[in-house]
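Text of coords-v2.txt (compact mmCIF, C-alpha atoms and all ligand atoms) as supplied:
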```txt
# COMPACT_ATOMS: atom_id res chain seq x y z
CA MET A 1 0.00 0.00 0.00
CA LEU A 2 1.20 3.53 -0.85
CA TYR A 3 0.11 6.51 1.28
CA ASN A 4 -1.20 9.77 -0.15
CA GLU A 5 0.45 13.04 0.79
CA GLU A 6 -2.43 14.09 3.08
CA ASP A 7 -1.84 10.96 5.18
CA PHE A 8 1.88 11.56 5.73
CA LEU A 9 3.06 11.65 9.35
CA SER A 10 6.04 13.65 10.50
CA ILE A 11 9.39 11.84 10.75
CA SER A 12 10.21 13.95 13.80
CA GLY A 13 7.26 12.27 15.55
CA ILE A 14 9.08 8.91 15.57
CA GLN A 15 11.20 10.00 18.54
CA HIS A 16 8.06 11.10 20.41
CA PHE A 17 6.34 7.80 19.60
CA VAL A 18 9.29 5.71 20.82
CA PHE A 19 9.59 7.89 23.95
CA CYS A 20 5.89 7.52 24.80
CA ARG A 21 2.87 6.67 22.62
CA ARG A 22 0.72 9.10 24.63
CA GLN A 23 3.21 11.96 24.17
CA TRP A 24 3.17 11.41 20.41
CA ALA A 25 -0.63 11.31 20.29
CA LEU A 26 -1.00 14.48 22.37
CA ILE A 27 1.41 16.34 20.08
CA HIS A 28 0.56 14.89 16.68
CA ILE A 29 -3.11 13.91 16.99
CA GLU A 30 -4.37 16.45 19.52
CA GLN A 31 -1.87 19.13 18.38
CA GLN A 32 -0.83 20.03 21.92
CA TRP A 33 2.73 21.12 22.58
CA ASP A 34 4.78 22.49 25.42
CA GLU A 35 8.46 23.37 25.63
CA ASN A 36 10.98 22.31 28.21
CA ILE A 37 14.69 22.98 28.37
CA TYR A 38 15.45 19.84 26.30
CA THR A 39 13.13 20.73 23.41
CA VAL A 40 14.24 24.40 23.34
CA ASP A 41 17.91 23.36 23.25
CA GLY A 42 17.08 20.89 20.49
CA LYS A 43 15.38 23.52 18.34
CA ILE A 44 18.26 25.98 18.61
CA PHE A 45 20.72 23.21 17.78
CA HIS A 46 18.67 22.17 14.74
CA ASN A 47 18.28 25.73 13.50
CA ASN A 48 22.05 25.97 13.52
CA ALA A 49 22.26 22.74 11.49
CA HIS A 50 19.99 24.02 8.72
CA ASN A 51 18.15 27.20 7.95
CA GLY A 52 16.24 26.60 4.70
CA MET A 53 17.65 24.34 1.99
CA GLN A 54 21.31 24.99 1.20
CA LYS A 55 23.91 23.31 -1.00
CA GLU A 56 27.68 23.40 -0.78
CA VAL A 57 30.43 21.55 -2.68
CA ARG A 58 33.58 20.48 -0.85
CA GLY A 59 35.92 18.48 -3.08
CA ASN A 60 34.28 15.12 -3.76
CA ILE A 61 31.32 15.79 -1.48
CA ILE A 62 28.13 17.75 -2.17
CA ILE A 63 26.54 18.80 1.11
CA THR A 64 22.83 19.68 1.27
CA ARG A 65 21.15 21.11 4.36
CA GLY A 66 17.41 21.22 5.06
CA LEU A 67 16.43 18.79 2.28
CA PRO A 68 12.66 17.97 2.31
CA VAL A 69 11.96 14.22 1.92
CA PHE A 70 9.01 11.82 1.92
CA SER A 71 8.16 8.15 1.58
CA ARG A 72 4.83 6.97 0.14
CA GLU A 73 5.59 3.45 1.32
CA LEU A 74 5.94 4.41 4.99
CA GLY A 75 3.60 7.43 4.75
CA ILE A 76 6.07 9.87 6.33
CA ASN A 77 7.74 13.15 5.47
CA GLY A 78 10.24 15.54 7.02
CA ILE A 79 13.43 17.47 6.52
CA CYS A 80 16.96 16.04 6.54
CA ASP A 81 19.40 18.12 8.58
CA VAL A 82 22.29 17.22 6.29
CA VAL A 83 22.70 14.84 3.35
CA GLU A 84 26.21 14.35 2.01
CA PHE A 85 26.49 13.05 -1.56
CA LYS A 86 29.90 11.38 -1.85
CA ARG A 87 31.45 10.73 -5.25
CA ASP A 88 31.14 6.97 -5.80
CA PRO A 89 31.18 4.93 -9.06
CA ASP A 90 28.35 2.76 -7.63
CA GLY A 91 26.25 5.77 -6.74
CA ILE A 92 23.44 7.58 -8.56
CA ASN A 93 23.27 10.40 -11.11
CA LEU A 94 22.45 13.84 -9.77
CA PHE A 95 20.84 16.42 -12.02
CA GLY A 96 23.31 19.14 -13.06
CA THR A 97 26.44 17.24 -11.94
CA ASP A 98 28.98 14.90 -13.54
CA GLY A 99 29.76 11.47 -12.14
CA LYS A 100 27.90 9.37 -9.61
CA TRP A 101 27.11 10.06 -5.98
CA GLN A 102 26.19 8.08 -2.87
CA PRO A 103 23.79 9.83 -0.44
CA VAL A 104 24.57 9.64 3.30
CA PRO A 105 22.10 11.24 5.77
CA ILE A 106 23.44 12.95 8.90
CA GLU A 107 21.12 13.96 11.74
CA TYR A 108 22.14 16.53 14.35
CA LYS A 109 21.06 15.96 17.94
CA VAL A 110 21.47 18.01 21.06
CA GLY A 111 22.91 16.15 24.08
CA LYS A 112 24.45 12.70 24.02
CA PRO A 113 23.50 9.29 22.54
CA LYS A 114 20.27 7.95 24.06
CA GLU A 115 19.54 4.56 25.57
CA ASP A 116 16.80 3.75 23.08
CA ASP A 117 17.00 3.59 19.28
CA CYS A 118 14.72 6.58 18.49
CA ASP A 119 17.50 8.62 16.87
CA ALA A 120 18.65 5.68 14.72
CA LEU A 121 15.03 5.12 13.63
CA GLN A 122 14.60 8.78 12.70
CA LEU A 123 17.82 8.67 10.67
CA LEU A 124 16.74 5.46 8.94
CA ALA A 125 13.35 7.04 8.14
CA GLN A 126 15.21 9.82 6.30
CA ALA A 127 17.33 7.21 4.48
CA VAL A 128 14.23 5.25 3.38
CA CYS A 129 12.74 8.48 1.99
CA LEU A 130 15.95 9.20 0.08
CA GLU A 131 16.06 5.61 -1.23
CA GLU A 132 12.51 5.93 -2.52
CA MET A 133 12.97 9.42 -4.01
CA LEU A 134 16.36 8.75 -5.61
CA SER A 135 15.98 5.00 -6.42
CA CYS A 136 19.07 3.97 -4.53
CA ASP A 137 20.25 1.88 -1.57
CA ILE A 138 21.65 3.53 1.55
CA LYS A 139 23.47 1.25 3.94
CA LYS A 140 24.46 3.71 6.66
CA GLY A 141 24.18 7.21 8.02
CA TYR A 142 25.51 9.23 10.96
CA LEU A 143 24.20 10.84 14.13
CA PHE A 144 26.08 13.91 15.35
CA TYR A 145 25.58 14.75 19.04
CA GLY A 146 26.16 18.22 20.46
CA ASN A 147 27.74 16.94 23.68
CA THR A 148 30.19 14.47 22.18
CA ARG A 149 30.70 16.52 19.00
CA HIS A 150 31.49 13.55 16.83
CA ARG A 151 29.64 11.35 14.37
CA THR A 152 28.27 7.95 15.36
CA GLU A 153 27.84 5.56 12.44
CA ILE A 154 24.44 3.87 12.18
CA VAL A 155 24.20 0.78 9.98
CA PHE A 156 20.71 0.29 8.53
CA SER A 157 20.22 -3.39 9.33
CA ASP A 158 17.21 -5.48 8.26
CA GLU A 159 16.20 -5.62 11.92
CA LEU A 160 16.16 -1.81 12.24
CA ARG A 161 14.22 -1.53 8.96
CA LYS A 162 11.60 -3.99 10.21
CA ARG A 163 11.27 -2.06 13.46
CA LEU A 164 10.80 1.21 11.58
CA SER A 165 8.12 -0.36 9.39
CA ASP A 166 6.29 -1.76 12.47
CA ILE A 167 6.47 1.61 14.24
CA THR A 168 5.19 3.66 11.29
CA ASN A 169 2.35 1.13 10.78
CA GLU A 170 1.42 1.50 14.44
CA MET A 171 1.56 5.32 14.19
CA HIS A 172 -0.82 5.24 11.21
CA GLU A 173 -3.19 2.94 13.11
CA TYR A 174 -3.34 5.32 16.09
CA TYR A 175 -3.73 8.32 13.78
CA LYS A 176 -6.52 6.70 11.75
CA ARG A 177 -8.48 5.99 14.94
CA SER A 178 -7.52 9.38 16.50
CA ARG A 179 -6.62 7.39 19.56
CA THR A 180 -4.66 8.90 22.48
CA PRO A 181 -3.43 6.12 24.80
CA ASN A 182 -4.01 6.41 28.55
CA VAL A 183 -1.27 7.54 30.93
CA LYS A 184 1.33 4.91 31.73
CA LYS A 185 3.59 6.57 34.25
CA THR A 186 7.31 5.78 33.85
CA LYS A 187 10.58 7.41 34.90
CA ARG A 188 10.53 9.25 31.55
CA CYS A 189 7.55 11.35 32.71
CA LYS A 190 9.99 13.43 34.78
CA ASN A 191 11.67 14.88 31.67
CA CYS A 192 8.61 14.86 29.43
CA SER A 193 8.06 18.12 27.50
CA ILE A 194 4.27 17.88 27.86
CA ARG A 195 4.02 16.61 31.41
CA ASP A 196 1.81 19.57 32.40
CA LEU A 197 -0.60 18.76 29.58
CA CYS A 198 -0.62 15.01 30.19
CA LEU A 199 -0.96 15.24 34.00
CA PRO A 200 0.40 11.74 34.69
CA ASP A 201 -0.07 12.17 38.47
CA MET A 202 -3.78 12.75 38.05
CA MET A 203 -4.32 9.01 37.64
CA LYS A 204 -3.58 8.62 41.37
CA TYR A 205 -6.70 10.62 42.24
CA SER A 206 -10.27 9.44 42.07
CA SER A 207 -11.47 12.73 40.54
CA ALA A 208 -10.21 15.91 38.87
CA LYS A 209 -11.44 17.84 41.93
CA LYS A 210 -9.19 15.86 44.27
CA TYR A 211 -6.26 16.35 41.91
CA MET A 212 -6.84 20.14 41.81
CA GLN A 213 -7.10 20.34 45.62
CA ASN A 214 -3.79 18.53 45.95
CA ARG A 215 -2.09 20.73 43.32
CA ILE A 216 -3.28 23.91 45.09
CA MET A 217 -1.90 22.57 48.37
CA GLU A 218 1.43 21.76 46.72
CA MET A 219 1.64 25.26 45.17
CA GLU A 220 0.85 26.88 48.51
CA ASN A 221 3.61 24.85 50.17
CA GLU A 222 6.06 25.81 47.38
CA SER A 223 5.34 29.55 47.88
CA ASP A 224 5.89 29.38 51.69
S1 LIG B 1 4.03 12.64 31.16
FE1 LIG B 1 4.60 10.49 30.95
S2 LIG B 1 2.73 9.42 30.24
FE2 LIG B 1 2.45 11.62 29.94
S3 LIG B 1 3.03 11.96 27.82
FE3 LIG B 1 4.82 12.39 29.09
S4 LIG B 1 5.97 10.48 29.18
FE4 LIG B 1 3.90 10.01 28.42
```
Could the structure of this file be written out as structure tokens, please?
Amino acid sequence: MLYNEEDFLSISGIQHFVFCRRQWALIHIEQQWDENIYTVDGKIFHNNAHNGMQKEVRGNIIITRGLPVFSRELGINGICDVVEFKRDPDGINLFGTDGKWQPVPIEYKVGKPKEDDCDALQLLAQAVCLEEMLSCDIKKGYLFYGNTRHRTEIVFSDELRKRLSDITNEMHEYYKRSRTPNVKKTKRCKNCSIRDLCLPDMMKYSSAKKYMQNRIMEMENESD
């Protein structure tokens, strides 16, 4: 099955979905959003990585920044921070250039490598889009982290590709049914950017009234 453009879901949502299904649904289905220090830092870092689409040639590498991409097969779209096209006899033709070129996506991330595979999945999603748009195979890409300031190679294994396909299918299922999952409180809630919209602690209380009474008490204690 191929998705139509109006059904595309944002590639950037994959990290939200892997972090917490409910967070993704609140942001991407219910269109709610809140900023915390991690998301603000991330935006500034990304804006430095690309600001509109740009192209630069450095020797045997063509560097593009802010390249829009999509995949009809996965039903996703987004923007690649950086795609390097390296001169390679086994690569592809690029309009307006001589020779052949191999695309390599590079995603910029604030902070350090995470415990889960959300960044690798996001990078692979970009690679799958490029493969579909340019009719090519991409075996690897790189994640660049602001804290470590070096590139981590990500090999696009069959296992990672299957996981991406399962995740995007699941995202489309949730989206089709406009379903926001219930709160499932985990240690991640502490750093969640939309904690104040999700109200994970509310589940402890038998009613919204009891929750509000407790919050007012907490706020009064904080201001003492
Ligand atoms: S607060 Fe917790 S349950 Fe709620 S969206 Fe964030 S991570 Fe998910």
Once you count all atoms listed in the file, what closest atom pair and distance in Å to one decimal does each residue of chain A within 8 Å of ligand LIG 1 (chain B) have, with rows by chain and rising residue number, as JSON lines?
```
{"residue": "A:Phe19", "atom": "CA", "partner": "B:LIG1", "partner_atom": "S4", "distance": 6.9}
{"residue": "A:Cys20", "atom": "CA", "partner": "B:LIG1", "partner_atom": "FE4", "distance": 4.8}
{"residue": "A:Arg21", "atom": "CA", "partner": "B:LIG1", "partner_atom": "FE4", "distance": 6.8}
{"residue": "A:Arg22", "atom": "CA", "partner": "B:LIG1", "partner_atom": "S3", "distance": 4.9}
{"residue": "A:Gln23", "atom": "CA", "partner": "B:LIG1", "partner_atom": "S3", "distance": 3.7}
{"residue": "A:Trp24", "atom": "CA", "partner": "B:LIG1", "partner_atom": "S3", "distance": 7.4}
{"residue": "A:Leu26", "atom": "CA", "partner": "B:LIG1", "partner_atom": "S3", "distance": 7.2}
{"residue": "A:Asn182", "atom": "CA", "partner": "B:LIG1", "partner_atom": "S2", "distance": 7.6}
{"residue": "A:Val183", "atom": "CA", "partner": "B:LIG1", "partner_atom": "S2", "distance": 4.5}
{"residue": "A:Lys184", "atom": "CA", "partner": "B:LIG1", "partner_atom": "S2", "distance": 5.0}
{"residue": "A:Lys185", "atom": "CA", "partner": "B:LIG1", "partner_atom": "S2", "distance": 5.0}
{"residue": "A:Thr186", "atom": "CA", "partner": "B:LIG1", "partner_atom": "FE1", "distance": 6.2}
{"residue": "A:Lys187", "atom": "CA", "partner": "B:LIG1", "partner_atom": "FE1", "distance": 7.8}
{"residue": "A:Arg188", "atom": "CA", "partner": "B:LIG1", "partner_atom": "S4", "distance": 5.3}
{"residue": "A:Cys189", "atom": "CA", "partner": "B:LIG1", "partner_atom": "FE1", "distance": 3.5}
{"residue": "A:Lys190", "atom": "CA", "partner": "B:LIG1", "partner_atom": "S1", "distance": 7.0}
{"residue": "A:Asn191", "atom": "CA", "partner": "B:LIG1", "partner_atom": "S4", "distance": 7.6}
{"residue": "A:Cys192", "atom": "CA", "partner": "B:LIG1", "partner_atom": "FE3", "distance": 4.5}
{"residue": "A:Ser193", "atom": "CA", "partner": "B:LIG1", "partner_atom": "FE3", "distance": 6.8}
{"residue": "A:Ile194", "atom": "CA", "partner": "B:LIG1", "partner_atom": "FE3", "distance": 5.7}
{"residue": "A:Arg195", "atom": "CA", "partner": "B:LIG1", "partner_atom": "S1", "distance": 4.0}
{"residue": "A:Asp196", "atom": "CA", "partner": "B:LIG1", "partner_atom": "S1", "distance": 7.4}
{"residue": "A:Leu197", "atom": "CA", "partner": "B:LIG1", "partner_atom": "FE2", "distance": 7.8}
{"residue": "A:Cys198", "atom": "CA", "partner": "B:LIG1", "partner_atom": "FE2", "distance": 4.6}
{"residue": "A:Leu199", "atom": "CA", "partner": "B:LIG1", "partner_atom": "S1", "distance": 6.3}
{"residue": "A:Pro200", "atom": "CA", "partner": "B:LIG1", "partner_atom": "S1", "distance": 5.1}
```
Residue list as a list in words for point (22.2, 8.6, 9.0), cut-off 6 Å, all atoms listed in the file = Pro105, Ile106, Leu123, Lys140, Gly141, Tyr142 and Leu143 of chain A
Extract, using all atoms listed in the file, all DNA, RNA and protein residues at most 7 Å from Leu9 of chain A, discarding same-chain residues fewer than 6 positions from it, and format them as a list in words.
-> Gly75, Ile76 and Asn77 of chain A
Got a sec: who's within 9 Å of Lys139 of chain A, counting all atoms listed in the file, leaving out chain neighbours fewer than 2 positions off, as a PyMOL selection string?
-> chain A and resi 104+127+137+141+154-157
May I ask for the distance between atom CA of Arg65 of chain A and atom CA of Glu170 of chain A, given in Å to one decimal place?
-> 29.6 Å
Would you work out the distance separating atom CA of Met202 of chain A from atom CA of His16 of chain A, expressed in Å to one decimal?
->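 Rounded to one decimal, the two atoms are 21.3 Å apart.
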Between A:Lys100, A:Lys109, A:Arg179, A:Arg163, which has the minimum distance to His150 of chain A (counting all atoms listed in the file)?
->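 Checking each candidate against His150 of chain A, we get A:Lys109 as the closest.
Nearest residue to Arg87 of chain A, choosing from A:Tyr145, A:Phe17, A:Tyr175, A:Trp101 and counting only C-alpha atoms: A:Trp101.
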Within 6 Å of Glu84 of chain A using all atoms listed in the file, minus same-chain residues under 5 positions, as a list in words |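 Surrounding residues, per the criterion: Ile62, Ile63, Pro103 and Val104 of chain A.
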